[in-house]
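To start, the structure itself, in structure tokens.
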Amino acid sequence: MNHPEQTLQRIIELEVEHRDLDVVIETLIKDPSHDELQLRRLKKRKLQLKDHITLLRMQLTPDVPA
């Protein structure tokens with residue numbers, strides 16, 4: 001597998017984890033006795049995933065000369 005294919009595969013994996021976190025966070029929010037610290041950690045992880053996905057997508061996009 002070449003580099004762009006590996007990058008695309010990694011993006012897909014991270015997007016799946018991001019969606020899974022969405023479900024977990026929504027479920028946790030619905031529970032009145034949820035752990036606030038756990039919720040904050042999950043939200044932080046979700047943001048980290050989003051940032052990582054963005055960086056990987058930028059690597060796939062060729063630079064456009066100005």
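Residues are referred to by chain and number: the chain letter is A, B, ... according to the order shown in the structure tokens, the number counts from 1 in that chain, and ligands are numbered separately from 1 in the order shown.
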
(request) Show which residues sit within 10 Å of Leu42 of chain A, as a PyMOL selection string. Count only C-alpha atoms, and ignore same-chain residues fewer than 4 positions away. (result) chain A and resi 18+21-22+24-25+28+36-38+46-48

(request) Write out as a list in words the residues lying within 12 Å of His52 of chain A, counting only C-alpha atoms and excluding same-chain residues fewer than 2 positions away. (result) Thr7, Arg10, Ile11, Ile12, Glu13, Leu14, Glu15, Glu17, His18, Arg45, Lys46, Leu47, Gln48, Leu49, Lys50, Thr54, Leu55, Leu56, Arg57, Met58 and Gln59 of chain A

(message) Just list as a count of residues only whatever in chain A DSSP marks as alpha helix (DSSP H).
(response) 53

(request) Select, from A:Pro4, A:Arg40, A:Ile53, A:Ile29, the residue with the minimum atom-to-atom distance to Val16 of chain A, counting only C-alpha atoms. (result) A:Ile53

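Nearest-residue note for Gln9 of chain A: choosing from A:Arg41, A:Ser33, A:Pro65, A:Leu60, the minimum distance belongs to A:Leu60, counting only C-alpha atoms.
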